[in-house]
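Structure data (compact mmCIF, C-alpha atoms) from protein_13.txt:
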# COMPACT_ATOMS: atom_id res chain seq x y z
CA MET A 246 6.14 -0.86 8.44
CA HIS A 247 7.59 1.86 6.22
CA GLU A 248 7.73 4.65 8.75
CA VAL A 249 11.27 5.66 7.83
CA SER A 250 10.46 6.53 4.22
CA ILE A 251 7.28 8.28 5.32
CA MET A 252 9.22 10.38 7.81
CA ALA A 253 11.88 11.11 5.20
CA GLU A 254 9.07 12.51 3.07
CA ALA A 255 7.84 14.59 6.03
CA VAL A 256 11.33 16.07 6.44
CA ARG A 257 11.60 16.75 2.72
CA MET A 258 8.24 18.58 2.67
CA ALA A 259 8.98 20.53 5.86
CA VAL A 260 12.41 21.64 4.64
CA GLU A 261 11.03 22.60 1.24
CA THR A 262 8.28 24.68 2.89
CA ALA A 263 10.75 26.44 5.20
CA GLN A 264 13.12 27.24 2.36
CA ALA A 265 10.29 28.58 0.20
CA SER A 266 9.36 30.91 3.08
CA GLY A 267 12.95 32.09 3.51
CA ALA A 268 13.26 30.52 6.97
CA GLN A 269 16.56 29.25 8.36
CA ARG A 270 15.29 26.33 10.40
CA VAL A 271 12.32 24.04 10.82
CA THR A 272 11.47 24.16 14.53
CA GLY A 273 8.44 21.87 14.58
CA VAL A 274 6.23 19.64 12.50
CA ARG A 275 2.68 18.49 13.14
CA LEU A 276 1.40 15.33 11.49
CA ARG A 277 -2.13 13.99 11.30
CA VAL A 278 -2.29 10.21 11.35
CA GLY A 279 -5.42 8.08 11.08
CA ILE A 280 -5.67 5.08 13.40
CA LEU A 281 -6.14 2.80 10.39
CA SER A 282 -3.29 4.29 8.37
CA GLY A 283 -1.13 1.29 9.17
CA VAL A 284 1.75 3.24 10.66
CA VAL A 285 2.93 3.15 14.25
CA PRO A 286 3.40 6.58 15.89
CA GLU A 287 6.25 5.27 18.09
CA ALA A 288 8.12 4.10 15.00
CA MET A 289 7.49 7.49 13.36
CA ARG A 290 9.00 9.34 16.33
CA PHE A 291 11.93 6.96 16.34
CA ALA A 292 12.46 7.53 12.62
CA TRP A 293 12.03 11.30 12.88
CA ASP A 294 15.20 11.88 14.91
CA VAL A 295 17.26 9.84 12.48
CA VAL A 296 15.98 11.25 9.22
CA SER A 297 15.88 14.91 10.35
CA ARG A 298 19.23 14.97 12.11
CA ASP A 299 21.46 16.31 9.35
CA THR A 300 18.92 18.71 7.92
CA ILE A 301 17.64 22.16 8.90
CA ALA A 302 14.84 20.27 10.70
CA GLY A 303 17.31 18.65 13.11
CA GLY A 304 16.07 18.99 16.71
CA ALA A 305 12.59 20.13 15.66
CA TRP A 306 9.64 18.98 17.73
CA LEU A 307 7.23 16.46 16.30
CA GLU A 308 3.54 16.32 17.15
CA ILE A 309 1.39 13.46 16.00
CA GLU A 310 -2.32 14.10 16.08
CA THR A 311 -4.30 10.87 15.78
CA VAL A 312 -7.52 10.80 13.80
CA PRO A 313 -10.19 8.32 14.87
CA ALA A 314 -11.86 6.15 12.25
CA VAL A 315 -15.31 7.09 11.02
CA CYS A 316 -17.55 5.06 8.72
CA TRP A 317 -20.60 6.08 6.73
CA CYS A 318 -23.80 4.03 6.87
CA ALA A 319 -25.70 4.45 3.61
CA THR A 320 -28.86 2.95 5.10
CA CYS A 321 -29.10 5.27 8.12
CA GLU A 322 -27.36 8.09 6.26
CA THR A 323 -25.16 8.80 9.21
CA GLU A 324 -21.55 8.61 10.29
CA PHE A 325 -20.47 6.34 13.11
CA ALA A 326 -17.20 5.69 14.91
CA CYS A 327 -15.46 2.43 14.08
CA VAL A 328 -12.28 0.87 15.39
CA ASP A 329 -11.36 -1.30 12.43
CA PHE A 330 -12.22 -1.97 8.81
CA PHE A 331 -15.35 -3.95 9.60
CA GLY A 332 -17.49 -0.92 10.41
CA GLU A 333 -20.74 -2.39 11.67
CA CYS A 334 -23.36 0.33 12.03
CA PRO A 335 -24.52 0.51 15.67
CA ARG A 336 -28.10 1.32 14.58
CA CYS A 337 -28.95 -1.04 11.73
CA HIS A 338 -26.00 -3.45 12.11
CA ASN A 339 -25.22 -3.35 8.42
CA VAL A 340 -21.53 -3.62 7.65
CA SER A 341 -20.51 -0.38 6.01
CA GLY A 342 -18.00 -0.38 3.22
CA GLU A 343 -17.26 3.29 3.34
CA LEU A 344 -14.49 4.43 5.59
CA ARG A 345 -14.61 8.22 5.69
CA ARG A 346 -11.77 9.05 8.05
CA GLY A 347 -8.99 7.14 9.76
CA ARG A 348 -6.55 6.52 6.90
CA GLU A 349 -4.92 10.00 7.04
CA LEU A 350 -1.19 10.28 6.66
CA ASP A 351 -0.80 14.05 6.41
CA ILE A 352 1.62 16.78 7.24
CA ALA A 353 -0.65 19.37 8.88
CA ALA A 354 1.71 22.21 9.72
CA VAL A 355 5.34 23.28 9.80
CA GLU A 356 6.79 25.74 12.31
CA MET A 357 9.95 27.62 11.33
CA ASN A 358 12.09 30.60 12.09
CA MET B 151 19.17 -0.24 7.03
CA CYS B 152 15.82 -0.90 5.44
CA LYS B 153 14.52 2.50 4.46
CA GLU B 154 10.97 1.26 4.51
CA CYS B 155 10.30 -0.84 7.57
CA GLY B 156 13.15 0.74 9.46
CA CYS B 157 14.45 -2.72 10.28
CA GLY B 158 18.14 -2.71 11.14
CA LEU B 159 17.88 0.80 12.52
CA GLY B 160 19.22 -0.21 15.89
CA GLY B 161 22.57 -1.46 14.67
CA GLY B 162 25.76 -0.10 13.12
CA ASP B 163 26.49 3.59 13.24
CA VAL B 164 22.91 4.70 13.57
CA LYS B 165 22.26 6.60 16.70
CA ILE B 166 19.02 7.98 17.92
CA GLY B 167 19.14 11.64 18.85
CA GLY B 168 18.83 12.58 22.50
CA HIS B 169 15.28 13.83 22.78
CA SER B 170 14.35 14.42 26.36
CA HIS B 171 10.89 15.86 26.03
CA GLU B 172 7.75 13.79 25.70
CA HIS B 173 5.41 14.08 22.75
CA ASP B 174 3.06 11.31 23.51
CA HIS B 175 -0.26 13.07 23.31
CA GLU B 176 -3.17 11.59 21.44
CA HIS B 177 -5.01 14.86 21.31
CA GLY B 178 -4.44 16.60 24.62
CA HIS B 179 -1.66 18.90 23.45
CA HIS B 180 0.44 18.96 26.56
CA HIS B 181 3.93 19.22 25.27
CA GLN B 182 6.95 20.80 26.78
CA HIS B 183 8.56 22.29 23.71
CA GLU B 184 8.40 25.99 23.06
CA HIS B 185 6.14 27.06 20.25
CA GLY B 186 7.26 30.13 18.42
CA GLY B 187 8.18 31.43 15.03
CA GLN B 188 6.10 31.24 11.91
CA THR B 189 3.67 28.39 11.30
CA VAL B 190 2.63 27.32 7.83
CA ASN B 191 -0.40 25.05 7.51
CA LEU B 192 0.25 22.49 4.82
CA ASN B 193 -2.47 19.84 5.14
CA ARG B 194 -0.85 17.70 2.47
CA SER B 195 -0.58 13.95 2.28
CA LEU B 196 2.80 12.39 2.98
CA MET B 197 2.02 9.98 0.16
CA GLU B 198 1.32 12.71 -2.39
CA LYS B 199 4.55 12.32 -4.33
CA ASN B 200 3.91 8.62 -4.92
CA ASP B 201 0.21 9.22 -5.54
CA ARG B 202 1.01 11.82 -8.18
CA LEU B 203 3.47 9.54 -9.94
CA ALA B 204 0.93 6.71 -9.74
CA GLU B 205 -1.70 8.87 -11.44
CA ARG B 206 0.82 9.75 -14.13
CA ASN B 207 1.46 6.03 -14.65
CA ARG B 208 -2.27 5.35 -14.78
CA GLY B 209 -2.83 7.98 -17.46
CA PHE B 210 0.12 6.71 -19.46
CA PHE B 211 -1.06 3.09 -19.22
CA HIS B 212 -4.58 4.07 -20.25
CA ALA B 213 -3.23 5.90 -23.27
CA LYS B 214 -1.41 2.68 -24.17
CA LYS B 215 -4.70 0.77 -23.68
CA LEU B 216 -3.10 -1.49 -21.12
CA LEU B 217 -4.89 -3.32 -18.35
CA VAL B 218 -2.54 -3.11 -15.37
CA LEU B 219 -2.62 -5.47 -12.40
CA ASN B 220 -0.74 -5.07 -9.13
CA VAL B 221 -0.40 -8.56 -7.69
CA VAL B 222 0.28 -8.66 -3.95
CA SER B 223 0.51 -11.45 -1.37
CA SER B 224 2.72 -12.81 1.35
CA PRO B 225 5.89 -14.60 0.19
CA GLY B 226 5.16 -18.06 -1.19
CA SER B 227 1.48 -17.63 -2.01
CA GLY B 228 2.14 -18.55 -5.61
CA LYS B 229 2.34 -15.15 -7.35
CA THR B 230 4.85 -16.20 -9.98
CA THR B 231 3.11 -19.45 -10.93
CA PHE B 232 -0.24 -17.67 -11.00
CA ILE B 233 1.13 -14.95 -13.31
CA ARG B 234 2.97 -17.44 -15.53
CA GLU B 235 -0.14 -19.56 -16.02
CA THR B 236 -2.33 -16.51 -16.55
CA ALA B 237 0.00 -15.23 -19.27
CA ALA B 238 0.39 -18.67 -20.89
CA LYS B 239 -3.34 -19.34 -21.02
CA LEU B 240 -4.14 -15.88 -22.39
CA THR B 241 -1.64 -16.07 -25.27
CA ARG B 242 -4.24 -16.35 -27.97
CA LYS B 243 -6.40 -13.58 -26.58
CA LEU B 244 -4.16 -11.06 -24.82
CA ARG B 245 -0.44 -10.33 -24.76
CA VAL B 246 0.90 -10.15 -21.22
CA GLY B 247 4.09 -8.48 -19.96
CA VAL B 248 5.37 -8.62 -16.40
CA ILE B 249 7.31 -6.39 -14.01
CA VAL B 250 8.68 -8.42 -11.10
CA GLY B 251 9.77 -6.92 -7.80
CA ASP B 252 11.98 -8.81 -5.38
CA LEU B 253 14.44 -7.89 -2.68
CA ALA B 254 17.11 -10.04 -4.31
CA THR B 255 17.71 -12.55 -7.15
CA ASP B 256 16.00 -12.62 -10.52
CA ASN B 257 14.70 -16.17 -10.11
CA ASP B 258 11.08 -15.17 -10.64
CA ALA B 259 11.93 -13.18 -13.76
CA ALA B 260 14.00 -16.09 -15.09
CA GLU B 261 11.07 -18.44 -14.58
CA LEU B 262 8.76 -16.13 -16.52
CA ARG B 263 11.35 -15.50 -19.24
CA LYS B 264 11.65 -19.26 -19.72
CA ALA B 265 7.94 -19.26 -20.50
CA LYS B 266 8.68 -16.61 -23.17
CA ILE B 267 6.88 -13.83 -21.30
CA PRO B 268 8.35 -10.32 -21.67
CA VAL B 269 9.61 -9.46 -18.21
CA VAL B 270 11.56 -6.74 -16.38
CA GLN B 271 13.02 -7.39 -12.95
CA ILE B 272 13.18 -4.74 -10.25
CA THR B 273 15.59 -5.74 -7.50
CA THR B 274 14.70 -3.52 -4.60
CA GLY B 275 17.63 -4.40 -2.35
CA THR B 276 16.27 -3.64 1.09
CA VAL B 277 13.04 -1.95 0.05
CA CYS B 278 9.98 -3.97 1.00
CA HIS B 279 7.53 -2.72 -1.64
CA LEU B 280 7.41 -1.28 -5.16
CA ASP B 281 6.57 2.37 -5.66
CA ALA B 282 5.19 4.28 -8.63
CA GLU B 283 8.58 5.59 -9.72
CA MET B 284 10.16 2.12 -9.86
CA VAL B 285 7.24 0.92 -11.98
CA SER B 286 7.53 3.87 -14.32
CA LYS B 287 11.23 3.16 -14.91
CA ALA B 288 10.68 -0.57 -15.34
CA ALA B 289 7.75 -0.10 -17.74
CA ALA B 290 10.02 1.94 -20.01
CA GLN B 291 12.06 -1.20 -20.59
CA LEU B 292 9.09 -3.12 -22.00
CA ASP B 293 7.68 -2.71 -25.49
CA LEU B 294 4.27 -1.65 -24.20
CA ASP B 295 2.79 -1.22 -27.67
CA LYS B 296 3.03 -4.96 -28.06
CA LEU B 297 1.16 -5.69 -24.81
CA ASP B 298 -2.48 -5.73 -23.71
CA VAL B 299 -1.97 -6.58 -20.05
CA LEU B 300 0.83 -5.48 -17.73
CA VAL B 301 1.14 -7.52 -14.56
CA ILE B 302 3.20 -6.10 -11.71
CA GLU B 303 4.33 -8.77 -9.29
CA ASN B 304 4.91 -6.83 -6.08
CA VAL B 305 7.37 -7.78 -3.35
CA GLY B 306 5.98 -10.61 -1.19
CA ASN B 307 4.66 -8.57 1.75
CA LEU B 308 1.14 -7.92 2.95
CA VAL B 309 1.95 -4.74 4.85
CA CYS B 310 3.94 -2.02 3.09
CA PRO B 311 2.70 -2.42 -0.52
CA ALA B 312 -0.83 -1.59 0.68
CA ASP B 313 -0.02 2.13 0.88
CA TYR B 314 1.72 2.45 -2.47
CA ASP B 315 -0.49 3.05 -5.48
CA LEU B 316 1.46 2.03 -8.60
CA GLY B 317 -1.06 3.32 -11.15
CA GLU B 318 -2.72 -0.07 -11.56
CA ASP B 319 -6.30 -0.68 -12.68
CA LEU B 320 -6.78 -3.62 -10.36
CA ARG B 321 -5.09 -4.62 -7.16
CA VAL B 322 -5.10 -8.41 -6.96
CA VAL B 323 -4.39 -9.99 -3.58
CA LEU B 324 -3.61 -13.70 -3.35
CA LEU B 325 -4.45 -15.91 -0.40
CA SER B 326 -3.14 -19.46 -0.66
CA VAL B 327 -4.98 -22.29 1.07
CA THR B 328 -1.81 -23.16 2.99
CA GLU B 329 -1.68 -19.77 4.72
CA GLY B 330 -4.63 -19.92 7.03
CA GLU B 331 -8.11 -18.56 6.72
CA ASP B 332 -7.52 -15.55 8.95
CA LYS B 333 -5.01 -13.71 6.73
CA PRO B 334 -7.61 -11.12 5.67
CA LEU B 335 -8.33 -10.34 9.33
CA LYS B 336 -4.65 -10.04 10.14
CA TYR B 337 -3.82 -7.71 7.24
CA PRO B 338 -6.98 -5.65 6.76
CA PRO B 339 -5.45 -2.62 4.96
CA MET B 340 -4.14 -4.80 2.16
CA PHE B 341 -7.22 -6.97 1.78
CA HIS B 342 -9.50 -3.96 2.12
CA SER B 343 -7.69 -2.15 -0.69
CA ALA B 344 -7.88 -5.07 -3.14
CA ASN B 345 -10.22 -5.08 -6.13
CA VAL B 346 -9.74 -8.80 -6.65
CA ALA B 347 -9.02 -11.55 -4.11
CA VAL B 348 -7.77 -14.89 -5.42
CA VAL B 349 -7.65 -18.03 -3.31
CA THR B 350 -4.71 -19.96 -4.77
CA LYS B 351 -3.37 -23.52 -4.53
CA SER B 352 -6.91 -24.88 -4.24
CA ASP B 353 -5.52 -28.34 -5.18
CA LEU B 354 -3.85 -28.41 -1.75
CA ALA B 355 -6.96 -27.43 0.20
CA ALA B 356 -7.71 -30.87 1.59
CA ALA B 357 -4.09 -31.56 2.57
CA ALA B 358 -3.83 -28.18 4.29
CA GLY B 359 -7.13 -28.63 6.14
CA PHE B 360 -8.34 -25.41 4.55
CA ASN B 361 -11.64 -24.15 5.96
CA ARG B 362 -13.11 -22.71 2.78
CA GLU B 363 -16.29 -21.27 4.29
CA GLN B 364 -14.33 -19.47 6.99
CA ALA B 365 -11.84 -18.05 4.48
CA LEU B 366 -14.59 -16.79 2.17
CA ALA B 367 -16.46 -15.30 5.12
CA ASN B 368 -13.30 -13.48 6.22
CA LEU B 369 -12.70 -12.23 2.69
CA LYS B 370 -16.28 -11.05 2.41
CA ARG B 371 -15.90 -9.19 5.66
CA ILE B 372 -12.74 -7.29 4.75
CA SER B 373 -12.75 -7.30 0.95
CA HIS B 374 -16.52 -7.02 0.56
CA HIS B 375 -16.29 -5.09 -2.69
CA ALA B 376 -13.71 -7.40 -4.27
CA HIS B 377 -14.25 -10.02 -6.96
CA VAL B 378 -13.30 -13.38 -5.48
CA PHE B 379 -11.82 -16.30 -7.44
CA GLU B 380 -10.75 -19.72 -6.24
CA LEU B 381 -8.24 -21.57 -8.37
CA SER B 382 -5.16 -23.70 -8.74
CA ALA B 383 -2.68 -22.31 -11.25
CA LYS B 384 -0.90 -25.66 -11.15
CA THR B 385 -3.86 -27.88 -12.15
CA GLY B 386 -5.75 -25.17 -14.03
CA GLU B 387 -8.84 -25.68 -11.91
CA GLY B 388 -10.84 -22.45 -11.64
CA MET B 389 -8.52 -20.54 -14.00
CA LYS B 390 -11.17 -20.10 -16.66
CA ALA B 391 -13.38 -17.79 -14.63
CA TRP B 392 -10.37 -15.63 -13.77
CA LEU B 393 -9.19 -15.45 -17.40
CA ASN B 394 -12.67 -14.58 -18.65
CA PHE B 395 -12.81 -11.84 -16.05
CA LEU B 396 -9.52 -10.39 -17.33
CA VAL B 397 -10.66 -10.46 -20.95
CA GLU B 398 -13.85 -8.71 -19.89
CA GLN B 399 -11.92 -6.08 -17.90
CA ARG B 400 -9.65 -5.40 -20.85
CA THR B 401 -12.56 -4.71 -23.16
CA THR B 402 -14.57 -2.53 -20.78
Rendering of file as structure tokens:
Amino acid sequence: MHEVSIMAEAVRMAVETAQASGAQRVTGVRLRVGILSGVVPEAMRFAWDVVSRDTIAGGAWLEIETVPAVCWCATCETEFACVDFFGECPRCHNVSGELRRGRELDIAAVEMN
Amino acid sequence: MCKECGCGLGGGDVKIGGHSHEHDHEHGHHHQHEHGGQTVNLNRSLMEKNDRLAERNRGFFHAKKLLVLNVVSSPGSGKTTFIRETAAKLTRKLRVGVIVGDLATDNDAAELRKAKIPVVQITTGTVCHLDAEMVSKAAAQLDLDKLDVLVIENVGNLVCPADYDLGEDLRVVLLSVTEGEDKPLKYPPMFHSANVAVVTKSDLAAAAGFNREQALANLKRISHHAHVFELSAKTGEGMKAWLNFLVEQRTT
């Protein structure tokens, strides 16, 4: 997919944050990625080394925290775990339209020194 | 190198840095790197720059009283013909302008221009989707005050454009009868994000052995909130319902 441009954005935000804090280097970045976000963590790691190399984030560690998908059932008024977009409620078997978590594509934290 | 998909990354002068440590933890946090230094919690979306620009576009388009469509599909589903016929058949009711995105050539734009439709071409080179900034720049080249509807023909791709909000009012995904009924199941993020799903080339349904019930069931499963239309832009069959829908959307 478009992991390279997403990782380029991660580098840009990490570098900007480090510079705003007066740090010299970005030493690590933690991302939060939903399982239904459509990106492949392996491709993100692969892209990370390339896009960070000539920046102050070069050599920084990368952690990818995956977020499981959770749907909301309006009938049962409860959340339930789902593995795809279909989201069938395990109690009432209605197909829920509301995906509450699982599409995250966030930069959670930046470590610097 | 394609900046989006990362295709072509393995060749040429691109080298992958020599990382020796493993980071493959789903949640267990066993990593070998040293933590230290200052940590800043950001909790920001990696898509926020595009999302912000998309919201700016949306506000701008609303101020111009434009109805904006983002038309997405796989290559060859009939986006250009669908848009051309939509614009031609709306002439007396609504004025339509088009932004066309393609990796290369301006064939689609030329086809629309021939039909006297105001059109701006974005040639993305290697980029596999349009983003909000490209749309903002392209829109500036159209006389928006003379338009009621702005149609954005995205790059033919059912994957990457799903994540990029352009500032549209409606995301319209096309599924041609020649593609197979299971496209919505294969590309759920795109079909799930669509406000409108259009089954195109309905005149070829019999020849393609199209299983209509299955396709509609699949669409209902993934795009359950979407308005569904079935039509053939070529013969005009089913176009009326779609055009009435657009006129209605423009006035609400």
Point-to-point distance in Å for atom CA of Gly283 of chain A and atom CA of Glu329 of chain B: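 One can read the atom CA of Glu329 of chain B to atom CA of Gly283 of chain A distance as 21.5 Å.
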Long-range neighbours of Asp299 of chain A as a ChimeraX atom specification, 12 Å cut-off, all atoms listed in the file, 2 positions minimum in chain: /A:253,256-257,260,270,293-297,301-305 /B:167
Long-range neighbours of segment 239-247 of chain B as a list in words, 7 Å cut-off, only C-alpha atoms, 6 positions minimum in chain: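 What passes the distance filter is Ile267, Pro268, Val269, Leu297, Asp298, Val299, Leu300 and Val301 of chain B.
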Polymer residues at most 10 Å from Cys321 of chain A, all atoms listed in the file, same-chain spacing of 2 or more positions, as a ChimeraX atom specification: /A:317-319,323-324,334,336-337,339
Within 7 Å of chain B, which residues belong to chain A? Use all atoms listed in the file and report them as a PDB file with C-alpha atoms, in the frame of the given file.
ATOM      1  CA  MET A 246       6.140  -0.860   8.440  1.00  0.00           C
ATOM      2  CA  HIS A 247       7.590   1.860   6.220  1.00  0.00           C
ATOM      3  CA  GLU A 248       7.730   4.650   8.750  1.00  0.00           C
ATOM      4  CA  VAL A 249      11.270   5.660   7.830  1.00  0.00           C
ATOM      5  CA  SER A 250      10.460   6.530   4.220  1.00  0.00           C
ATOM      6  CA  ILE A 251       7.280   8.280   5.320  1.00  0.00           C
ATOM      7  CA  GLU A 254       9.070  12.510   3.070  1.00  0.00           C
ATOM      8  CA  ALA A 255       7.840  14.590   6.030  1.00  0.00           C
ATOM      9  CA  ASP A 294      15.200  11.880  14.910  1.00  0.00           C
ATOM     10  CA  VAL A 295      17.260   9.840  12.480  1.00  0.00           C
ATOM     11  CA  TRP A 306       9.640  18.980  17.730  1.00  0.00           C
ATOM     12  CA  GLU A 308       3.540  16.320  17.150  1.00  0.00           C
ATOM     13  CA  GLU A 310      -2.320  14.100  16.080  1.00  0.00           C
ATOM     14  CA  THR A 311      -4.300  10.870  15.780  1.00  0.00           C
ATOM     15  CA  PHE A 330     -12.220  -1.970   8.810  1.00  0.00           C
ATOM     16  CA  PHE A 331     -15.350  -3.950   9.600  1.00  0.00           C
ATOM     17  CA  LEU A 350      -1.190  10.280   6.660  1.00  0.00           C
ATOM     18  CA  ASP A 351      -0.800  14.050   6.410  1.00  0.00           C
ATOM     19  CA  ILE A 352       1.620  16.780   7.240  1.00  0.00           C
ATOM     20  CA  ALA A 353      -0.650  19.370   8.880  1.00  0.00           C
ATOM     21  CA  ALA A 354       1.710  22.210   9.720  1.00  0.00           C
ATOM     22  CA  VAL A 355       5.340  23.280   9.800  1.00  0.00           C
ATOM     23  CA  GLU A 356       6.790  25.740  12.310  1.00  0.00           C
ATOM     24  CA  MET A 357       9.950  27.620  11.330  1.00  0.00           C
ATOM     25  CA  ASN A 358      12.090  30.600  12.090  1.00  0.00           C
TER      26      ASN A 358
END
Interatomic distance (Å, one decimal) between atom CA of Cys327 of chain A and atom CA of Arg277 of chain A: 17.9 Å
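One finds atom CA of Gly251 of chain B at 14.5 Å from atom CA of Thr231 of chain B.
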Cut-off 6 Å around (7.2, 15.5, 11.9) with all atoms listed in the file: residues as a short mmCIF file (atom, residue, chain, number, x, y, z; two decimals) with C-alpha atoms, in the coordinates of the input:
data_model
loop_
_atom_site.label_atom_id
_atom_site.label_comp_id
_atom_site.auth_asym_id
_atom_site.auth_seq_id
_atom_site.Cartn_x
_atom_site.Cartn_y
_atom_site.Cartn_z
CA ALA A 255 7.84 14.59 6.03
CA VAL A 274 6.23 19.64 12.50
CA ARG A 275 2.68 18.49 13.14
CA LEU A 276 1.40 15.33 11.49
CA LEU A 307 7.23 16.46 16.30
#
Non-local contacts of Gly359 of chain B (10 Å; all atoms listed in the file; under 3 positions in same chain excluded) as a list in words: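 What passes the distance filter is Val327, Thr328, Gly330, Leu354, Ala355, Ala356 and Arg362 of chain B.
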Spatial neighbours of Val222 of chain B, 8 Å, all atoms listed in the file, chain gap at least 3 places, as a list in words: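 Answer for this query is Lys229, Glu303, Asn304, Val305, Gly306, Asn307, Leu308, Pro311, Arg321, Val322, Val323 and Leu324 of chain B.
Shortest atom-to-atom contact with Arg346 of chain A among A:Val315, A:Ala326, A:Ala292, A:Val285: A:Val315, counting all atoms listed in the file.
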Among listed residues A:Met289, A:Ile280, A:Ala265, A:Val271, nearest Arg348 of chain A (using only C-alpha atoms):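 Smallest distance to Arg348 of chain A is found for A:Ile280.
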Sphere at (7.2, -3.1, -13.1), radius 7 Å, counting only C-alpha atoms: residues as a compact mmCIF listing (two decimals) with C-alpha atoms, in the coordinates of the input:
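Generated output (part11.txt):
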# COMPACT_ATOMS: atom_id res chain seq x y z
CA VAL B 248 5.37 -8.62 -16.40
CA ILE B 249 7.31 -6.39 -14.01
CA VAL B 250 8.68 -8.42 -11.10
CA VAL B 270 11.56 -6.74 -16.38
CA ILE B 272 13.18 -4.74 -10.25
CA MET B 284 10.16 2.12 -9.86
CA VAL B 285 7.24 0.92 -11.98
CA ALA B 288 10.68 -0.57 -15.34
CA ALA B 289 7.75 -0.10 -17.74
CA ILE B 302 3.20 -6.10 -11.71
Which centre and edge lengths in Å to one decimal define the box along x, y and z that fits every listed atom of segment 255-265 of chain A plus 8 Å per side, as AutoDock Vina command-line options?
--center_x 10.5 --center_y 21.6 --center_z 3.3 --size_x 21.3 --size_y 30.0 --size_z 22.2
Give me segment 345-350 of chain A with all heavy atoms filled in, as an mmCIF file, in the frame of the given file.
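This is the output file out.cif:
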data_model
loop_
_atom_site.group_PDB
_atom_site.id
_atom_site.type_symbol
_atom_site.label_atom_id
_atom_site.label_comp_id
_atom_site.auth_asym_id
_atom_site.auth_seq_id
_atom_site.Cartn_x
_atom_site.Cartn_y
_atom_site.Cartn_z
ATOM 1 N N ARG A 345 -14.730 6.805 6.060
ATOM 2 C CA ARG A 345 -14.610 8.220 5.690
ATOM 3 C C ARG A 345 -13.351 8.877 6.244
ATOM 4 O O ARG A 345 -12.783 9.761 5.640
ATOM 5 C CB ARG A 345 -15.827 8.982 6.181
ATOM 6 C CG ARG A 345 -17.051 8.640 5.362
ATOM 7 C CD ARG A 345 -17.914 9.863 5.232
ATOM 8 N NE ARG A 345 -18.763 9.739 4.073
ATOM 9 C CZ ARG A 345 -19.886 10.436 3.913
ATOM 10 N NH1 ARG A 345 -20.257 11.277 4.835
ATOM 11 N NH2 ARG A 345 -20.593 10.296 2.832
ATOM 12 N N ARG A 346 -12.981 8.511 7.448
ATOM 13 C CA ARG A 346 -11.770 9.050 8.050
ATOM 14 C C ARG A 346 -11.042 7.938 8.784
ATOM 15 O O ARG A 346 -11.643 6.914 9.129
ATOM 16 C CB ARG A 346 -12.095 10.187 9.029
ATOM 17 C CG ARG A 346 -12.595 11.436 8.355
ATOM 18 C CD ARG A 346 -12.678 12.608 9.322
ATOM 19 N NE ARG A 346 -13.769 12.483 10.276
ATOM 20 C CZ ARG A 346 -15.047 12.652 9.970
ATOM 21 N NH1 ARG A 346 -15.412 12.944 8.750
ATOM 22 N NH2 ARG A 346 -15.969 12.534 10.893
ATOM 23 N N GLY A 347 -9.746 8.136 9.010
ATOM 24 C CA GLY A 347 -8.990 7.140 9.760
ATOM 25 C C GLY A 347 -7.798 6.591 8.985
ATOM 26 O O GLY A 347 -7.008 5.845 9.523
ATOM 27 N N ARG A 348 -7.681 6.972 7.696
ATOM 28 C CA ARG A 348 -6.550 6.520 6.900
ATOM 29 C C ARG A 348 -5.581 7.687 6.618
ATOM 30 O O ARG A 348 -4.696 7.570 5.774
ATOM 31 C CB ARG A 348 -7.036 5.943 5.562
ATOM 32 C CG ARG A 348 -7.832 4.676 5.688
ATOM 33 C CD ARG A 348 -6.950 3.435 5.779
ATOM 34 N NE ARG A 348 -6.288 3.139 4.524
ATOM 35 C CZ ARG A 348 -5.140 2.464 4.449
ATOM 36 N NH1 ARG A 348 -4.516 2.075 5.528
ATOM 37 N NH2 ARG A 348 -4.609 2.202 3.282
ATOM 38 N N GLU A 349 -5.742 8.817 7.322
ATOM 39 C CA GLU A 349 -4.920 10.000 7.040
ATOM 40 C C GLU A 349 -3.432 9.736 7.311
ATOM 41 O O GLU A 349 -3.068 9.023 8.251
ATOM 42 C CB GLU A 349 -5.344 11.181 7.925
ATOM 43 C CG GLU A 349 -6.709 11.755 7.609
ATOM 44 C CD GLU A 349 -7.858 10.924 8.155
ATOM 45 O OE1 GLU A 349 -7.591 9.899 8.818
ATOM 46 O OE2 GLU A 349 -8.997 11.317 7.920
ATOM 47 N N LEU A 350 -2.632 10.306 6.471
ATOM 48 C CA LEU A 350 -1.190 10.280 6.660
ATOM 49 C C LEU A 350 -0.709 11.635 6.117
ATOM 50 O O LEU A 350 -0.175 11.733 5.034
ATOM 51 C CB LEU A 350 -0.595 9.111 5.856
ATOM 52 C CG LEU A 350 0.672 8.451 6.360
ATOM 53 C CD1 LEU A 350 0.600 8.140 7.843
ATOM 54 C CD2 LEU A 350 0.940 7.200 5.579
#
